[in-house]
2 protein chains.
Amino acid sequence: MTEELKFGGHISRQFDEELDEIRSRVLKMGSLVEEQLEKTLTALREMSPASISGVSKLDRKVNKMEMKIDEECTQILAKRQPAAGDLRLIIATSKSVRDLERAGDEAEKVAHMVKRALENDTSPNLYKGLQDLVEQVEELLHATLDTYARMETRSAVHNMRLDQAVDAEYGRVIFRLVEIMKNDSDSVSDALDVMWAARSLERIGDHCINICENVIYLVEGEDVRHTKFKEIEDQLS
Amino acid sequence: MTEELKFGGHISRQFDEELDEIRSRVLKMGSLVEEQLEKTLTALREMSPASISGVSKLDRKVNKMEMKIDEECTQILAKRQPAAGDLRLIIATSKSVRDLERAGDEAEKVAHMVKRALENDTSPNLYKGLQDLVEQVEELLHATLDTYARMETRSAVHNMRLDQAVDAEYGRVIFRLVEIMKNDSDSVSDALDVMWAARSLERIGDHCINICENVIYLVEGEDVRHTKFKEIEDQLS
C-alpha cells in the first residue's frame, strides 16, 4: 500500500512550484494557529494575560490566509484543470484550510476566556485543568501539520490516537467542573466559561482529525469519513 | 448587480443534467436534516420521545449523501474541467454539503438529548425553552435550502437576519439555564445537557450562514466570509 505520495514531476515546472507554494502556505497558516495556542499556554503557565495580546491579530491573519489559499486553489482548478492526484491535493487542501480556519476561531475563543479568567481573578482551581488540555491539543495540531507536510497515512492514524487522548482529557475536565458547579453555586458562570473553552479545545482536535482524513483521502483515494477508527487502522496497516 | 444566476445552456446537455442532479441531491440531503429537526420538535410538543426513533438512521443517510455528492463533484471537476460559474457552483456545493452534514450531526445530538430528557423525566422547566429555538433554526434551515435552490443573494442576506434572531434566542435560553443552575445545584447535570443541545442548535444556524455565504460567493464571485453583516448588506443592496 502506498505510504507516501510525491507530487511534482509535471511537464510544467511552474505548476509544481504553484503546488509547492500552496502547501507551504498551508503550513504557515497552521503555524499561526499553533502560535495562538502557545500564547494561551504561556498565559496559563505564567498566570498572566500579557502573552494573549496579539491572538486576535493572529486570527485575522489566519482568516485572510484561508481566503487567499482558497482563491489560489480555485484558480489552479480553473487554469490547470488538474487530474487525479493533483485534483485530490487541491480538494484536500481547500478542505483542510477551512478546518484550520475554524481551529483558529476556536483557539481565539480559548485565549479570550483565559484572558478574562486571569483579569477577573477567577479561582485558578477552575481553569488549572485546562493547561494539560491545551498542551495535548497543541501536540495534536503540530503532528497534524507534519502529516499534511509529509502526506503520509501512518502518522494520520497515530494522530487519531492522540485525539482519543484529547477527548479523554476533555471528559475529565468537564467532569471536574460539573462537580465544582454542584458544590458551589457561585462558581457556575465562571465554570461554564471554562467549559466552553474546553469544548473549543476539543473541537480543535476534531478539526485536526478532519485534516488527517483529508490526507488519507489524498494518499489512498479512500474517503474515511464516518468510518470507525478501528476500521481505518485495519485498512491502512 | 446580478440577482439570480441561471446555470445550464451548455453544449453538452448531459453536463446540464449532471449539475441539476447534484443540486437536487443537495436539496434532498437538506430535507433529511430538516426531518431530523422536525422529529425533535414533535417530541418536544408531544412530550414523548416516540418520534425521535429514526433520527440516527436519517443522520446515516445524510452522511452517505455527503460522501456521494462530494464524490460526484470531484468526478465532474476531473471529467468536465468546468470554468468560471460552473466551477464556482461545484466548489460552493462541495462546501455546502459539508456544512449540511455537520448540521445533521448537531441535529442528531439535539434529538438524543431531548430523548434522554423525556425518558428520564427531566423537569420540563429545563428544556421547554428549547422548542422556540428548534422552530427558529428549522425556519432558517428551510430558508437556506430555498436560497441554495434559487441561487439568489437577497434571501441570503435575509437569512443572516434570521440567524441573528437565533443567536438572541440562544442567549436567552442559556441565561435562563444559568439562573436555574445557580439556584438549584441538583439541576446542574440536566441543565448542562440542555445547554449543549442549545449550543448545537446555534451551530446549525452557523452552518446555514456558511451555506448562504457560499451562495453569495457563487452568484457574486465575492468571498464574504469574515465580512461584517452590515457590510454584506450594503454591498448587495
# chains A, B, ... in the order shown; residues from 1 in each chain; ligands from 1
>>> closest_atom_pairs(of="chain A", to="chain B", cutoff="6 Å", atoms="only C-alpha atoms", output="tab-separated table")
residue	atom	partner	partner_atom	distance
A:Ala78	CA	B:Ala83	CA	5.5
A:Gln81	CA	B:Gln81	CA	5.6
A:Ala83	CA	B:Ala78	CA	5.6
A:Lys182	CA	B:Ser185	CA	4.9
A:Ser185	CA	B:Lys182	CA	4.9
>>> residues_around(residues="Leu32 of chain B", least_positions_apart="6", cutoff="12 Å", atoms="only C-alpha atoms", output="MDAnalysis selection string")
chainID B and resid 25:26 38:39 54:66 100:101 103:105 107:108 138 141:142 145
>>> write_last_selection(atoms="C-alpha atoms", output="PDB file, in the first residue's frame")
ATOM      1  CA  ARG B  25     -29.461  15.836  -4.326  1.00  0.00           C
ATOM      2  CA  VAL B  26     -28.211  18.675  -2.103  1.00  0.00           C
ATOM      3  CA  GLU B  38     -38.974  18.128  12.827  1.00  0.00           C
ATOM      4  CA  LYS B  39     -38.910  14.822  14.715  1.00  0.00           C
ATOM      5  CA  GLY B  54     -35.261   7.057  13.270  1.00  0.00           C
ATOM      6  CA  VAL B  55     -33.202  10.232  13.714  1.00  0.00           C
ATOM      7  CA  SER B  56     -29.904   8.319  13.737  1.00  0.00           C
ATOM      8  CA  LYS B  57     -30.937   6.455  10.610  1.00  0.00           C
ATOM      9  CA  LEU B  58     -31.626   9.799   8.946  1.00  0.00           C
ATOM     10  CA  ASP B  59     -28.196  11.024  10.008  1.00  0.00           C
ATOM     11  CA  ARG B  60     -26.501   7.993   8.482  1.00  0.00           C
ATOM     12  CA  LYS B  61     -28.341   8.765   5.239  1.00  0.00           C
ATOM     13  CA  VAL B  62     -27.138  12.371   5.431  1.00  0.00           C
ATOM     14  CA  ASN B  63     -23.547  11.175   5.911  1.00  0.00           C
ATOM     15  CA  LYS B  64     -23.777   8.843   2.936  1.00  0.00           C
ATOM     16  CA  MET B  65     -25.244  11.574   0.767  1.00  0.00           C
ATOM     17  CA  GLU B  66     -22.411  13.917   1.694  1.00  0.00           C
ATOM     18  CA  LEU B 100     -25.193  20.241   5.842  1.00  0.00           C
ATOM     19  CA  GLU B 101     -23.510  17.082   7.087  1.00  0.00           C
ATOM     20  CA  ALA B 103     -25.743  20.396  10.711  1.00  0.00           C
ATOM     21  CA  GLY B 104     -27.078  16.833  10.576  1.00  0.00           C
ATOM     22  CA  ASP B 105     -24.604  15.729  13.260  1.00  0.00           C
ATOM     23  CA  ALA B 107     -29.374  17.800  14.873  1.00  0.00           C
ATOM     24  CA  GLU B 108     -28.738  14.203  15.909  1.00  0.00           C
ATOM     25  CA  GLU B 138     -35.808  24.911  11.333  1.00  0.00           C
ATOM     26  CA  LEU B 141     -32.549  25.886   7.535  1.00  0.00           C
ATOM     27  CA  HIS B 142     -35.610  25.816   5.296  1.00  0.00           C
ATOM     28  CA  LEU B 145     -32.205  25.497   1.277  1.00  0.00           C
TER      29      LEU B 145
END
>>> residues_around(residues="segment 133-137 of chain A", least_positions_apart="3", cutoff="12 Å", atoms="only C-alpha atoms", output="number ranges by chain")
A: 33-45, 103, 106-107, 110-111, 114, 127-130, 140-144, 159-174, 194-195, 197-209
>>> residues_around(residues="Asn120 of chain B", least_positions_apart="6", cutoff="12 Å", atoms="only C-alpha atoms", output="ChimeraX atom specification")
/B:47-49,113-114,190
>>> residues_around(residues="segment 150-158 of chain A", least_positions_apart="6", cutoff="12 Å", atoms="only C-alpha atoms", output="MDAnalysis selection string")
chainID A and resid 1:7 23:24 27 85 88:89 92:93 139:144 164:165 208:222 224 228:237
>>> select_by_dssp(residues="segment 39-189 of chain B", states="alpha helix (DSSP H)", output="PyMOL selection string")
chain B and resi 39-46+55-80+84-119+124-127+130-150+153-183+188-189
>>> write_last_selection(atoms="C-alpha atoms", output="CSV table (one decimal), in the first residue's frame")
chain,number,residue,atom,x,y,z
B,39,LYS,CA,-38.9,14.8,14.7
B,40,THR,CA,-37.3,16.5,17.7
B,41,LEU,CA,-39.8,19.3,17.6
B,42,THR,CA,-42.7,16.8,17.6
B,43,ALA,CA,-41.1,15.0,20.6
B,44,LEU,CA,-40.9,18.3,22.5
B,45,ARG,CA,-44.5,19.3,21.6
B,46,GLU,CA,-46.0,15.9,22.5
B,55,VAL,CA,-33.2,10.2,13.7
B,56,SER,CA,-29.9,8.3,13.7
B,57,LYS,CA,-30.9,6.5,10.6
B,58,LEU,CA,-31.6,9.8,8.9
B,59,ASP,CA,-28.2,11.0,10.0
B,60,ARG,CA,-26.5,8.0,8.5
B,61,LYS,CA,-28.3,8.8,5.2
B,62,VAL,CA,-27.1,12.4,5.4
B,63,ASN,CA,-23.5,11.2,5.9
B,64,LYS,CA,-23.8,8.8,2.9
B,65,MET,CA,-25.2,11.6,0.8
B,66,GLU,CA,-22.4,13.9,1.7
B,67,MET,CA,-19.8,11.4,0.5
B,68,LYS,CA,-21.8,10.6,-2.6
B,69,ILE,CA,-22.3,14.3,-3.6
B,70,ASP,CA,-18.7,15.1,-2.8
B,71,GLU,CA,-17.5,12.2,-5.0
B,72,GLU,CA,-19.7,13.4,-7.8
B,73,CYS,CA,-18.3,16.9,-7.5
B,74,THR,CA,-14.8,15.6,-7.8
B,75,GLN,CA,-15.7,13.5,-10.8
B,76,ILE,CA,-17.3,16.5,-12.5
B,77,LEU,CA,-14.1,18.5,-11.8
B,78,ALA,CA,-12.0,15.7,-13.3
B,79,LYS,CA,-14.2,14.9,-16.3
B,80,ARG,CA,-15.7,18.3,-17.3
B,84,ALA,CA,-16.0,30.2,-14.2
B,85,GLY,CA,-19.6,29.9,-12.9
B,86,ASP,CA,-19.8,26.1,-13.1
B,87,LEU,CA,-16.5,25.7,-11.2
B,88,ARG,CA,-17.9,28.1,-8.5
B,89,LEU,CA,-21.1,26.0,-8.4
B,90,ILE,CA,-19.2,22.8,-7.8
B,91,ILE,CA,-16.9,24.4,-5.2
B,92,ALA,CA,-19.8,26.0,-3.4
B,93,THR,CA,-21.8,22.8,-3.5
B,94,SER,CA,-18.9,20.7,-2.1
B,95,LYS,CA,-18.6,23.2,0.8
B,96,SER,CA,-22.3,23.4,1.4
B,97,VAL,CA,-22.7,19.6,1.7
B,98,ARG,CA,-20.0,19.6,4.4
B,99,ASP,CA,-22.0,22.2,6.3
B,100,LEU,CA,-25.2,20.2,5.8
B,101,GLU,CA,-23.5,17.1,7.1
B,102,ARG,CA,-22.3,18.9,10.2
B,103,ALA,CA,-25.7,20.4,10.7
B,104,GLY,CA,-27.1,16.8,10.6
B,105,ASP,CA,-24.6,15.7,13.3
B,106,GLU,CA,-25.7,18.6,15.5
B,107,ALA,CA,-29.4,17.8,14.9
B,108,GLU,CA,-28.7,14.2,15.9
B,109,LYS,CA,-27.1,15.4,19.2
B,110,VAL,CA,-30.1,17.6,19.9
B,111,ALA,CA,-32.5,14.7,19.3
B,112,HIS,CA,-30.6,12.4,21.6
B,113,MET,CA,-30.6,14.9,24.3
B,114,VAL,CA,-34.3,15.5,24.0
B,115,LYS,CA,-34.9,11.8,24.1
B,116,ARG,CA,-32.8,11.4,27.2
B,117,ALA,CA,-34.6,14.3,28.9
B,118,LEU,CA,-38.1,12.8,28.1
B,119,GLU,CA,-37.1,9.3,29.1
B,124,PRO,CA,-39.8,20.3,31.6
B,125,ASN,CA,-38.8,23.6,33.1
B,126,LEU,CA,-35.3,23.0,31.9
B,127,TYR,CA,-35.9,22.2,28.2
B,130,LEU,CA,-35.7,24.7,23.5
B,131,GLN,CA,-38.9,24.4,21.4
B,132,ASP,CA,-38.8,28.0,20.2
B,133,LEU,CA,-35.1,27.6,19.3
B,134,VAL,CA,-35.7,24.5,17.3
B,135,GLU,CA,-38.6,26.2,15.4
B,136,GLN,CA,-36.4,29.2,14.6
B,137,VAL,CA,-33.5,27.0,13.4
B,138,GLU,CA,-35.8,24.9,11.3
B,139,GLU,CA,-37.1,28.1,9.7
B,140,LEU,CA,-33.6,29.2,9.0
B,141,LEU,CA,-32.5,25.9,7.5
B,142,HIS,CA,-35.6,25.8,5.3
B,143,ALA,CA,-34.9,29.4,4.1
B,144,THR,CA,-31.3,28.5,3.5
B,145,LEU,CA,-32.2,25.5,1.3
B,146,ASP,CA,-34.5,27.8,-0.6
B,147,THR,CA,-31.7,30.3,-1.1
B,148,TYR,CA,-29.5,27.5,-2.4
B,149,ALA,CA,-32.3,26.2,-4.7
B,150,ARG,CA,-32.9,29.6,-6.2
B,153,THR,CA,-28.5,36.7,-2.8
B,154,ARG,CA,-31.3,38.8,-1.4
B,155,SER,CA,-32.7,35.9,0.6
B,156,ALA,CA,-29.2,35.0,1.7
B,157,VAL,CA,-29.0,38.4,3.4
B,158,HIS,CA,-32.5,37.9,4.9
B,159,ASN,CA,-31.3,34.6,6.3
B,160,MET,CA,-28.5,36.3,8.1
B,161,ARG,CA,-31.1,38.3,10.0
B,162,LEU,CA,-32.9,35.1,10.9
B,163,ASP,CA,-29.6,33.8,12.3
B,164,GLN,CA,-29.2,36.9,14.4
B,165,ALA,CA,-32.7,36.1,15.9
B,166,VAL,CA,-31.5,32.5,16.5
B,167,ASP,CA,-28.4,33.8,18.4
B,168,ALA,CA,-30.6,36.1,20.5
B,169,GLU,CA,-32.9,33.3,21.4
B,170,TYR,CA,-29.9,31.1,22.2
B,171,GLY,CA,-28.6,33.8,24.5
B,172,ARG,CA,-32.0,33.8,26.4
B,173,VAL,CA,-32.0,30.0,26.7
B,174,ILE,CA,-28.5,30.0,28.2
B,175,PHE,CA,-29.2,32.9,30.5
B,176,ARG,CA,-32.3,31.1,31.9
B,177,LEU,CA,-30.4,27.8,32.4
B,178,VAL,CA,-27.6,29.5,34.2
B,179,GLU,CA,-30.1,31.1,36.6
B,180,ILE,CA,-31.7,27.7,37.3
B,181,MET,CA,-28.3,26.1,37.9
B,182,LYS,CA,-27.3,28.8,40.3
B,183,ASN,CA,-30.5,28.3,42.4
B,188,VAL,CA,-26.6,21.2,37.1
B,189,SER,CA,-26.1,18.0,35.1
